[in-house]
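Asker: If you scroll down you'll find the structure; I have some questions about it.
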Amino acid sequence: MADPIKPQNQRIDFIDNLKGVACLLVLFHHLAFYGPMSDAALTLIPNTIHFLYDYGRMAVPVFLVIGGFLTGQKLSQINLFQKRTITALIFQKYSRLVIPYLAAIALAISFSWLASHWMIHDSLSKLPEIPQLVSHLFFLQNILGYESLSAGLWYVAIDFQLFTFSALLIYAVIRLSPANWSPRKIRSLALCLIALITASSLFLFNLNEKLDVFFIYFFGAYGLGFLSAWLIQEKNPILWVFILMDVVAAALYVDFRERILFAGLTAVTLCTSYIYDWKDWNIWRNQIAQLGKMSYSIFLIHFPISLLVSALWINIYPQDAWMNVWGMTLSACLSLALAVPFFHLIEKRQIF
């Protein structure tokens, strides 16, 4: 999934494990959500399809918290804006996101056009017009009301909004603070503002689903990750973790939302891994972590692959439930396999 700027010289195998598990949930959620193979398989494994449909989306708050955590680590670096301008920082983030994103859009358009020759389905997109393409280039498609050209592209847009807002906020606090303020005082002000915006999202904006095309709707989860990255650097971090848990509990009491529960659990898990220093255990250096490192590529490429496999498979086995279960499995395996060259040749090979 969207790859926030990572801290230098720091192993994050545990975070990659979280991302790997969440990535697999997204992959199978989309296979269950988008037919037609899942429609045919529903008669055979209805409970599994419904589970993936309902709970696979819980990977989103996990990614949001991780994104906020990594961004919080990045923006807590000493003298960050003396080393790099705010414009350069945001452009670096944009560049890392947009090149794999545009490659995935090109695949989605091509594969959707091919698939349209073999099946008629809601998951297929029409050939885009120029304004629609331009809106995608600037991550504005959902705000402007254009149909997304591939599944999950809304998340990339939200991730960029969240990072940009967070970076601009911290930059503004640093630049507008009085010259005689200590770094500690500036940091405290920034922390209070992030906490205020996080709470506003949890208790107000996240309750209005009409706002789900804007970053503020998701800032509750993202802010929990951001706050976690900063609070574990404070004195008595355990106390701050308990306060964070209390805020999440209060938000759930106001209106229980599973996505906020998952976000809170992820934030607490990240804090605990750093406080008790088990984030670097060798156990986390495994294949799931490798998937986590490629999560953005997997996230981008799996939908075009599933379109093409679905179109071919449903024509060969239109009613065979078992064969469509195997077709979904094949689609998942191909997505994971083809994400490897996509990751190395497109996502990782960036010169910015």
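Here's how to read the names in the structure tokens: chain A, B, ... by the order shown, residue numbers from 1 in each chain, ligand numbers from 1 in the order shown.
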For A:Leu204, work out the shell of residues within 12 Å, counting only C-alpha atoms and skipping chain neighbours fewer than 6 positions away, then give it as number ranges by chain.
Answerer: A: 196-198, 211, 216-220, 251, 254-255
Asker: Determine which residues of stretch 96-268 of chain A DSSP labels as alpha helix (DSSP H) from the backbone of this structure, then write them out as an MDAnalysis selection string.
Answerer: chainID A and resid 96:115 130:137 153:176 183:203 215:231 237:254 258:268
Asker: So, counting only C-alpha atoms, which residue among A:Leu44, A:Ile243, A:Ala321, A:Ile99 is closest to A:Arg349?
Answerer: A:Ile99
Asker: Counting only C-alpha atoms, what is within 12 Å of A:Glu347, bar same-chain residues fewer than 2 positions away, as a PyMOL selection string?
Answerer: chain A and resi 1-3+95-104+293-301+339-345+349-352
Asker: Excluding A:Ala41 and its own-chain neighbours fewer than 2 positions away, which residues fall within 6 Å of it when counting only C-alpha atoms? Please give them as a CSV table (one decimal) with C-alpha atoms, in the first residue's frame.
Answerer:
chain,number,residue,atom,x,y,z
A,38,SER,CA,-16.7,-14.6,-5.9
A,39,ASP,CA,-20.3,-14.6,-7.0
A,43,THR,CA,-22.6,-20.9,-3.0
A,44,LEU,CA,-19.7,-23.1,-1.9
A,321,ALA,CA,-18.1,-23.0,-7.7
A,324,ASN,CA,-14.0,-20.3,-9.2
A,325,VAL,CA,-12.5,-20.8,-5.8
Asker: Given the choices A:Asn180, A:Ser148, A:Ser331, A:Asn47, which gets closest to A:Trp313 if the distance is worked out from only C-alpha atoms?
Answerer: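 The closest residue to A:Trp313 is A:Ser331.
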Asker: Do you know which residues are at most 10 Å from A:Tyr317 counting only C-alpha atoms, after dropping those on the same chain fewer than 6 positions away, and could you put them as a PyMOL selection string?
Answerer: chain A and resi 37+40+323-324+327
Asker: Taking only C-alpha atoms into account, name the residue in A:Arg259, A:Lys93, A:Lys19, A:Lys185 that is nearest to A:Lys74.
Answerer: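 The shortest atom-to-atom distance to A:Lys74 comes from A:Lys93.
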Asker: What is the distance, in Å and to one decimal place, between atom CA of A:Phe28 and atom CA of A:Phe226?
Answerer: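 Result for atom CA of A:Phe28 versus atom CA of A:Phe226: 27.7 Å, one decimal.
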Asker: Work out how far apart atom CA of A:Leu24 and atom CA of A:Ile305 are and give it in Å to one decimal.
Answerer: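 Distance reported for this atom pair: 15.0 Å.
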